[in-house]
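Take a look at the structure below.
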Amino acid sequence: MSDLHTGTLTQLAASLRAKKFSSVELVTGLLARVERAQGALNAFISVTREQALAAAAAADRALATGSGGALTGVPIAHKDIFCTQGVRTTCGSRMLENFVSPYDATVVAKLKGAGAVMLGKTNMDEFAMGSSNETSYFGPVRNPWDPKLVPGGSSGGSAAAVAARLVPGATATDTGGSIRQPAALCGITGLKPTYGRVSRYGMIAFASSLDQAGVLTAGAADAALMLREMAGFDANDSTSVDTPVPDYVAALEQPLAGLKIGLLQEFFDKGLDPENERRVREALKVYEQLGAKLTVVSLPNLPLSVPVYYVVAPAECSSNLARFDGVRFGHRCENPHDLTDLYRRSRGEGFGAEVKRRIMTGTYVLSAGYYDAYYLKAQRVRQLISADFTRAFQDVDVLMGPTTPTPAFAIGAKTADPITMYLNDIYTIGANLAGLPAVSVPCGFVQDLPVGLQIVGPHFSEARVLAVAHALQRATDWHTRIPAGFA
Amino acid sequence: MYDFAQVFSFHPRILSTPMSLTREQIASIAALARLELTAAEIPVYQETLSRIVDFIGALERAPTQSVAPMAHPLPGLSQRLRPDVVTEVDRHEGYQSNAPQVAAGLYLVPKVIE
């Protein structure tokens, strides 16, 4: 039973149904791994041992009577941005250090309904604002491939947990790359679905025109299974789209012959590490061998996606985070002398440096006299970027390029300069601005560190994007590699 | 039209140019955002916000005449309406269990009116 952690989410779900082992055995084994790895990785903010064992016992009873769902008894972890009833939900912030959610996020409720067992809540950049997991109030997460390096962010805890095989799958969120970038840097698969595909009810808001919930798993087949159980219309989310959820698992085996792949010309720029580029081009060659046709596609406005993002996202964040006022929930300062003092000190103490920086950037770009020059201007350029994608998808089925410019970097290397950190998301932000589904899949190693290939599709093409990712994973084994310390 | 090098080029240049935001502007932004900053934080934010403002200044060069602003990414998405019926149950006790200070079902704050 000591090698259960190497099973994929799909394999574990099938083995549990076939009663090869029990959910209690599996959960007990993985909880031990979670606790053993905590000192080295800091991937979790809360471990919910007792609830997990109780849920596993209930799952075993359901499996015994054959009444389980698609994920019955399968252990997962939730990014600590998703509200979990009766369990602390911190969003990586001192502001919510003691917040116990009174309800479940829809994603949490759906996965629970499918039978999944939550082992805990994963570490993340504070309020999902970061690309390295260094802004967490609960300390940085370490990359399982090399503990001196960052795992990426903001979903760094979920990514590290899956990469180290502490859980076979974890939820995550992506506002500018927060699923795909850590997936690339940790050597796993990360899917950001179409805007509106997965409910955001109970998912703590950062930038509401960009945020989307998704999954981190070893392979694309696991992502398909998890997404199928998470996706769908939710009346509690006004941006949720009422369109049927296809069976992403059944759609995995579509043939690739004739697939038209567009290479994002702007992504193969001077900023891209040449070794990283080589791995991406090797993956593209595999697609050619599988019968796909490659053409180079130019999205001329795409290089402006980072400045657009750093207007739109902070603007929306300054508005969303206004709810943290020290009155209804969250941190409150000691002995406020009036209401303004209560607001200012509660927020000044409760938020970390990067969150304050983004709130102030947003406040500035929305303030009188600057609104047109920055906010409206950014929204217009966003329209141009989105139109570039629409035009590209008239000629190709999917777009491909690197997920990140380089492999994982050292903890502390980019914290001094926010712009250097922001440029890490240079290849991922476009899909958020245009609301497109995108996946990062492992495509090789640069000096023993994993790098990712990014696949972007048109709105609601998750089935196609996952099938394309799966085809690469049938031809290569990068997604099965496990960091040495966690094999 | 643009390349990433052009966008990157903002970065080294601004190191030698005067800061775009003054200490007073930072204090005023923080006041608008209801954020108390320490004396040590103000120069840090003056420097980093100035760099961010210069960085996002790259947008100025984009030709956007007659381009409509894009508020969200799904074309044709409109606000749904629901029937005007009560669907929520009263859960104020559960919600207030996270409040820093409550009494008799009310949130307490410092005295607002003398």
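Naming scheme: A, B, ... for chains in displayed order of the structure tokens; residues 1 onward per chain; ligands 1 onward as shown.
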message = Among segment 168-323 of chain A, which residues does DSSP mark as strand (DSSP E or B) when it is run on the backbone? Keep the chain and numbering as in the structure and answer as a list in words.
response = Gly169, Ala170, Thr171, Ala172, Thr173, Asp174, Thr189, Gly190, Leu191, Lys192, Met203, Gln212, Ala213, Gly214, Val215, Leu216, Thr217, Lys260, Ile261, Gly262, Leu263, Leu264, Lys293, Leu294, Thr295, Val296 and Val297 of chain A
key: Nearby residues (only C-alpha atoms) at most 9 Å from Met19 of chain B, same-chain spacing under 5 positions excluded, as a list of chain:residue names   = B:Ile14, B:Gln46, B:Glu47, B:Ser50, B:Arg51
Output the selection as a PDB file, in the first residue's frame - N, CA and C atoms for each residue.
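Result written to again10.pdb:
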```pdb
ATOM      1  N   ILE B  14      13.057  53.893 -16.440  1.00  0.00           N
ATOM      2  CA  ILE B  14      12.447  54.650 -15.355  1.00  0.00           C
ATOM      3  C   ILE B  14      13.341  54.751 -14.127  1.00  0.00           C
ATOM      4  N   GLN B  46       5.865  54.797  -2.892  1.00  0.00           N
ATOM      5  CA  GLN B  46       6.114  55.881  -3.848  1.00  0.00           C
ATOM      6  C   GLN B  46       6.960  55.353  -5.003  1.00  0.00           C
ATOM      7  N   GLU B  47       7.993  54.589  -4.673  1.00  0.00           N
ATOM      8  CA  GLU B  47       8.868  54.068  -5.717  1.00  0.00           C
ATOM      9  C   GLU B  47       8.161  53.021  -6.570  1.00  0.00           C
ATOM     10  N   SER B  50       5.175  54.352  -8.618  1.00  0.00           N
ATOM     11  CA  SER B  50       5.665  55.191  -9.723  1.00  0.00           C
ATOM     12  C   SER B  50       6.097  54.310 -10.890  1.00  0.00           C
ATOM     13  N   ARG B  51       6.782  53.228 -10.557  1.00  0.00           N
ATOM     14  CA  ARG B  51       7.240  52.322 -11.634  1.00  0.00           C
ATOM     15  C   ARG B  51       6.056  51.661 -12.311  1.00  0.00           C
TER      16      ARG B  51
END
```
List as a compact mmCIF listing (two decimals) with C-alpha atoms, in the first residue's frame the protein and nucleic acid residues near segment 72-84 of chain B, meaning an atom at most 7 Å away when only C-alpha atoms are counted, but skip any in the same chain fewer than 5 places from it.
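Wrote around01.txt, looks like this:
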```
# COMPACT_ATOMS: atom_id res chain seq x y z
CA SER A 209 -13.89 40.05 -15.01
CA SER A 238 -24.30 36.02 -11.94
CA LEU A 433 -8.31 39.04 -20.76
CA ALA A 434 -10.15 37.20 -23.55
CA GLY A 435 -11.86 34.70 -21.17
```
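Compared by their closest atoms to chain A, and using only C-alpha atoms, the residues B:Gln25, B:Pro69, B:Leu32, B:Val44 rank with B:Pro69 nearest.
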inquiry  = Select, as a ChimeraX atom specification, those residues of chain B with any atom no more than 8 Å from chain A (distances computed using only C-alpha atoms).
reply    = /B:1-5,7,11,29-37,45,48-49,51-52,55-60,62,64,67-74,79-80,94-96,98-101,107-112
Long-range neighbours of Leu264 of chain A as an mmCIF file with N, CA and C atoms, in the first residue's frame, 9 Å cut-off, only C-alpha atoms, 3 positions minimum in chain:
```cif
data_model
loop_
_atom_site.group_PDB
_atom_site.id
_atom_site.type_symbol
_atom_site.label_atom_id
_atom_site.label_comp_id
_atom_site.auth_asym_id
_atom_site.auth_seq_id
_atom_site.Cartn_x
_atom_site.Cartn_y
_atom_site.Cartn_z
ATOM 1 N N PHE A 267 5.000 35.059 -28.522
ATOM 2 C CA PHE A 267 5.501 34.374 -27.325
ATOM 3 C C PHE A 267 6.928 33.856 -27.507
ATOM 4 N N PHE A 268 7.345 33.718 -28.746
ATOM 5 C CA PHE A 268 8.713 33.232 -28.991
ATOM 6 C C PHE A 268 9.623 34.452 -29.162
ATOM 7 N N VAL A 296 2.286 29.694 -38.097
ATOM 8 C CA VAL A 296 2.640 30.779 -37.179
ATOM 9 C C VAL A 296 1.538 31.827 -37.232
ATOM 10 N N VAL A 297 1.102 32.260 -36.060
ATOM 11 C CA VAL A 297 0.007 33.221 -35.969
ATOM 12 C C VAL A 297 0.499 34.425 -35.179
ATOM 13 N N SER A 298 0.161 35.630 -35.655
ATOM 14 C CA SER A 298 0.563 36.835 -34.941
ATOM 15 C C SER A 298 -0.646 37.485 -34.280
ATOM 16 N N LEU A 299 -0.515 37.787 -32.996
ATOM 17 C CA LEU A 299 -1.532 38.546 -32.267
ATOM 18 C C LEU A 299 -0.866 39.866 -31.853
ATOM 19 N N LEU A 399 -4.259 27.517 -30.095
ATOM 20 C CA LEU A 399 -3.006 28.274 -30.134
ATOM 21 C C LEU A 399 -2.039 27.648 -29.143
ATOM 22 N N MET A 400 -0.751 27.643 -29.495
ATOM 23 C CA MET A 400 0.242 27.074 -28.587
ATOM 24 C C MET A 400 1.446 27.987 -28.431
ATOM 25 N N GLY A 401 2.065 27.843 -27.267
ATOM 26 C CA GLY A 401 3.283 28.588 -26.976
ATOM 27 C C GLY A 401 3.781 28.154 -25.605
ATOM 28 N N PRO A 402 4.842 28.784 -25.112
ATOM 29 C CA PRO A 402 5.315 28.454 -23.770
ATOM 30 C C PRO A 402 4.324 28.974 -22.718
#
```
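Excluding Val24 of chain A itself and any same-chain residue fewer than 2 positions from it, the protein and nucleic acid residues within 6 Å of it, counting only C-alpha atoms, are Ser22, Leu26, Val27, Thr28, Ala56 and Ala57 of chain A.
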request  = Enumerate, as a PyMOL selection string, the complete set of residues in chain B that a backbone-based DSSP assignment places in alpha helix (DSSP H).
outcome  = chain B and resi 4-8+10-14+23-32+41-56+92-96
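A straight line drawn from atom CA of Ile26 of chain B to atom CA of Ala313 of chain A is 19.3 Å long.
A straight line drawn from atom CA of Tyr137 of chain A to atom CA of Val87 of chain A is 17.8 Å long.
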